[in-house]
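Quick notes on the structure that follows.
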Amino acid sequence: MQFRKPHSPTFIMRREEAWEAIKSAPSRWYVYTMWRFDRGSPVPFYVGKGRGYRAMHHELPSKGGRNPHKQRIIDRHMAQGMWIGYSLSFYVSERSAFRAERRLIASFGRRRSGTGVLANLTDGGEGTAGHIGLRGNTNPRARAIVADGEPFTYVGAAARRLGVDTTVIIHRIRNGWPGYYYQDEGQRPQKAGITQRYRKEISVLGTVYPSLSEAAQATGMGFRMIAARVTRGWEGYLYVADGPRPRREKGRRSDNVAVIVRGERFPSIAIAAAATGESVAKIGKRCGSSNFPDYLFEDPTRLKEEKTKPPVEPVPVMISGRRYDSLGEAGRQHGLTEGGVAYRCASGAFPDWSFVDATRNAAEAFEPQFSSNPKTVWINGVDYPSQSAAARSEGIDINTLKKRCVSTSFPGYVSADPQLQKRLPKDGRPGLLQVMIEGVTYRSVSAAARSLGLQRIEVRRRCGSADWPRWNLESTASQEP
């Protein structure tokens with residue numbers, strides 16, 4: 001049994017009224033229609049199915065999404081101070097709500113398919129049926145399939161049922177896995193080597209798994225990586241039925257060879273990195289450096305020339321009164337590279353950083369071309385001690401902050417840096433070009449282009465064309481951001 005209100009302009013409600021109706025309804029499932037008022041009489045522009053607060057999410061602030069046409073309608077109403085209407089129908093089951101949603105979308109028609117006015121991307125109901133891909137073809141994820149012998153209306157439902165990603169399902173269909181196919185196509189021929197590669201028992205570092213896929217899921221490594229290591233004969237990687245393969249190296253890559261780290265042998269640098277928590281690059285570098293005698297290649301022919309040289313003496317530094325025995329130790333403590341520590345010790349912009357060796361201090365000292373001393377920034381009357389602090393507070397990057405400090409379009413942004421004083425743009429305009437489109441005012445051409453999903457050159461072309469009388473450009477005085 002169901003009760004509902006007809007979808008008619010007579011029953012259109014404001015957002016707050018619709019939410020009260022949803023909260024007081026005895027049924028949890030509903031179908032909603034969103035109505036626009038920028039064309040005179042009410043016109044439906046979106047139909048959806050939901051429960052709880054689902055229908056109310058559309059008017060929340062958004063930075064875009066997969067349905068820009070719907071978002072532009074909502075943004076236009078908010079910019080003009082107009083409210084969006086809602087009409088509701090309630091249902092006792094989700095299945096009946098899905099059926100009603102499909103009927104309603106078919107009744108109004110979809111703009112994208114050329115059958116009506118709705119901004120919906122699909123035909124409604126469970127799944128993505130009716131979705132049109134970017135090139136005009138039907139999305140493969142919207143096709144009905146059979147997965148593991150069980151029918152599903154679309155790929156997403158099969159992925160949730162089997163606990164895998166949708167790409168895994170599509171991969172199996174394309175490679176002809178038995179029991180995986182599109183219902184309107186039938187079983188594809190199986191590609192050579194699929195069953196031999198994926199459904200054989202495999203041993204990874206002493207642990208046996210029933211298939212390559214399960215080994216990849218359990219170890220966190222990619223299945224292609226495991227298959228490549230089996231093929232190249234890595235120690236500990238083999239198919240149980242085939243046994244270990246002869247070692248086959250790809251060139252002389254150092255991460256494929258056995259190493260000894262602090263007295264413990266590892267069959268490869270990658271395994272040593274996983275066991276010690278160090279990076280592959282760090283272990284490879286240390287195995288070739290005389291500064292780390294506990295890091296060795298097992299094969300003595302791989303010893304580099306540097307390994308035979310005497311160890312390099314560490315460079316001690318002083319930072320804010322604290323001594324560090326090497327550049328590496330100071331870098332790890334302060335989150336810098338060794339080069340970054342050496343730069344600060346030599347730079348006059350960091351007086352608390354220096355080399356312990358006074359001779360080296362005198363030889364490498366320099367004054368940077370650009371001062372690193374912080375410059376005060378004022379934004380709408382608020383003081384910030386530095387450009388970085390101001391940028392973090394405003395949620396913008398340093399370059400955008402500098403442009404606003406220089407631009408006359410942002411009078412509220414002022415910097416104490418003499419190189420960031422206000423100046424007119426090259427074309428001499430005192431401010432941004434305000435855009436008036438269909439009664440909606442945008443602060444700049446860029447803002448109008450982002451809101452309407454157009455390129456800036458197209459916005460300018462329409463503003464200068466007699467074919468678009470309600471698109472106008474207007475030089476405006478400086479505005480607040």
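Chain labels follow the order of the structure tokens: the first chain is A, the next B, and so on; residue numbering restarts at 1 in every chain, and ligands are counted from 1 in their shown order.
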
(message) Quick check for you: according to DSSP on this backbone, which residues of region 392-453 of chain A are classed as alpha helix (DSSP H)? Reply as an MDAnalysis selection string.
(response) chainID A and resid 392:394 398:406 445:452

(message) Give me, as a PyMOL selection string, all polymer residues having an atom no more than 10 Å from Tyr324 (chain A), counting only C-alpha atoms and skipping those fewer than 4 positions away in the same chain.
(response) chain A and resi 314-319+328-331+333+355-356

Could you take the residues named above and write them with N, CA, C and O atoms, as a PDB file, in the first residue's frame?
ATOM      1  N   PRO A 314      81.578  13.099   7.883  1.00  0.00           N
ATOM      2  CA  PRO A 314      80.324  13.844   8.042  1.00  0.00           C
ATOM      3  C   PRO A 314      80.576  15.321   8.299  1.00  0.00           C
ATOM      4  O   PRO A 314      81.633  15.716   8.801  1.00  0.00           O
ATOM      5  N   VAL A 315      79.598  16.149   7.951  1.00  0.00           N
ATOM      6  CA  VAL A 315      79.713  17.602   8.104  1.00  0.00           C
ATOM      7  C   VAL A 315      78.827  18.026   9.275  1.00  0.00           C
ATOM      8  O   VAL A 315      77.600  18.056   9.155  1.00  0.00           O
ATOM      9  N   PRO A 316      79.411  18.354  10.425  1.00  0.00           N
ATOM     10  CA  PRO A 316      78.594  18.788  11.573  1.00  0.00           C
ATOM     11  C   PRO A 316      78.061  20.203  11.368  1.00  0.00           C
ATOM     12  O   PRO A 316      78.720  21.046  10.747  1.00  0.00           O
ATOM     13  N   VAL A 317      76.876  20.486  11.891  1.00  0.00           N
ATOM     14  CA  VAL A 317      76.254  21.805  11.750  1.00  0.00           C
ATOM     15  C   VAL A 317      75.658  22.219  13.091  1.00  0.00           C
ATOM     16  O   VAL A 317      75.399  21.383  13.972  1.00  0.00           O
ATOM     17  N   MET A 318      75.441  23.549  13.223  1.00  0.00           N
ATOM     18  CA  MET A 318      74.783  24.121  14.412  1.00  0.00           C
ATOM     19  C   MET A 318      73.484  24.773  13.955  1.00  0.00           C
ATOM     20  O   MET A 318      73.482  25.596  13.028  1.00  0.00           O
ATOM     21  N   ILE A 319      72.364  24.387  14.604  1.00  0.00           N
ATOM     22  CA  ILE A 319      71.054  24.942  14.266  1.00  0.00           C
ATOM     23  C   ILE A 319      70.381  25.410  15.546  1.00  0.00           C
ATOM     24  O   ILE A 319      70.059  24.601  16.429  1.00  0.00           O
ATOM     25  N   GLY A 328      72.788  14.852   7.189  1.00  0.00           N
ATOM     26  CA  GLY A 328      71.665  13.929   7.149  1.00  0.00           C
ATOM     27  C   GLY A 328      70.884  13.914   8.442  1.00  0.00           C
ATOM     28  O   GLY A 328      69.640  13.901   8.439  1.00  0.00           O
ATOM     29  N   GLU A 329      71.582  13.933   9.582  1.00  0.00           N
ATOM     30  CA  GLU A 329      70.896  13.942  10.881  1.00  0.00           C
ATOM     31  C   GLU A 329      70.073  15.215  11.053  1.00  0.00           C
ATOM     32  O   GLU A 329      68.921  15.177  11.499  1.00  0.00           O
ATOM     33  N   ALA A 330      70.651  16.363  10.685  1.00  0.00           N
ATOM     34  CA  ALA A 330      69.913  17.626  10.780  1.00  0.00           C
ATOM     35  C   ALA A 330      68.728  17.642   9.828  1.00  0.00           C
ATOM     36  O   ALA A 330      67.642  18.128  10.172  1.00  0.00           O
ATOM     37  N   GLY A 331      68.913  17.100   8.616  1.00  0.00           N
ATOM     38  CA  GLY A 331      67.820  17.070   7.655  1.00  0.00           C
ATOM     39  C   GLY A 331      66.658  16.219   8.122  1.00  0.00           C
ATOM     40  O   GLY A 331      65.492  16.599   7.975  1.00  0.00           O
ATOM     41  N   GLN A 333      65.810  15.624  11.161  1.00  0.00           N
ATOM     42  CA  GLN A 333      65.170  16.289  12.296  1.00  0.00           C
ATOM     43  C   GLN A 333      64.267  17.437  11.836  1.00  0.00           C
ATOM     44  O   GLN A 333      63.218  17.690  12.426  1.00  0.00           O
ATOM     45  N   PHE A 355      77.692  26.072   9.691  1.00  0.00           N
ATOM     46  CA  PHE A 355      78.595  24.929   9.800  1.00  0.00           C
ATOM     47  C   PHE A 355      79.436  25.080  11.065  1.00  0.00           C
ATOM     48  O   PHE A 355      79.782  26.198  11.460  1.00  0.00           O
ATOM     49  N   VAL A 356      79.785  23.948  11.675  1.00  0.00           N
ATOM     50  CA  VAL A 356      80.674  24.012  12.842  1.00  0.00           C
ATOM     51  C   VAL A 356      82.062  24.467  12.424  1.00  0.00           C
ATOM     52  O   VAL A 356      82.739  25.204  13.153  1.00  0.00           O
TER      53      VAL A 356
END

(request) Give me every strand (DSSP E) residue in region 85-272 of chain A, going by DSSP on the backbone, as JSON, numbers by chain. (result) {"A": [85, 86, 87, 88, 89, 90, 91, 145, 146, 147, 150, 151, 152, 181, 182, 202, 203, 204, 207, 208, 209, 237, 238, 239, 259, 260, 261, 264, 265, 266]}

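Between CA of Val117 (chain A) and CA of Thr153 (chain A) lies a distance of 26.3 Å.
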
(request) Compare A:Thr276, A:Ser107, A:Ser24, A:Ser407 by their minimum atom-to-atom distance to Val261 (chain A), counting only C-alpha atoms, and give me the closest one. (result)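 The shortest atom-to-atom distance to Val261 (chain A) comes from A:Thr276.
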
(request) Determine, counting only C-alpha atoms, which protein, DNA and RNA residues have an atom within 12 Å of an atom of region 199-209 of chain A; residues of the same chain fewer than 4 positions away are not included. Present the result as a VMD selection string. (result) chain A and resid 177 193 to 195 213 to 221 223 225 to 227 229 to 230 233 to 244 266 to 268 271

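Take CA of Leu424 (chain A) and CA of Gly395 (chain A): the distance between them is 25.0 Å.
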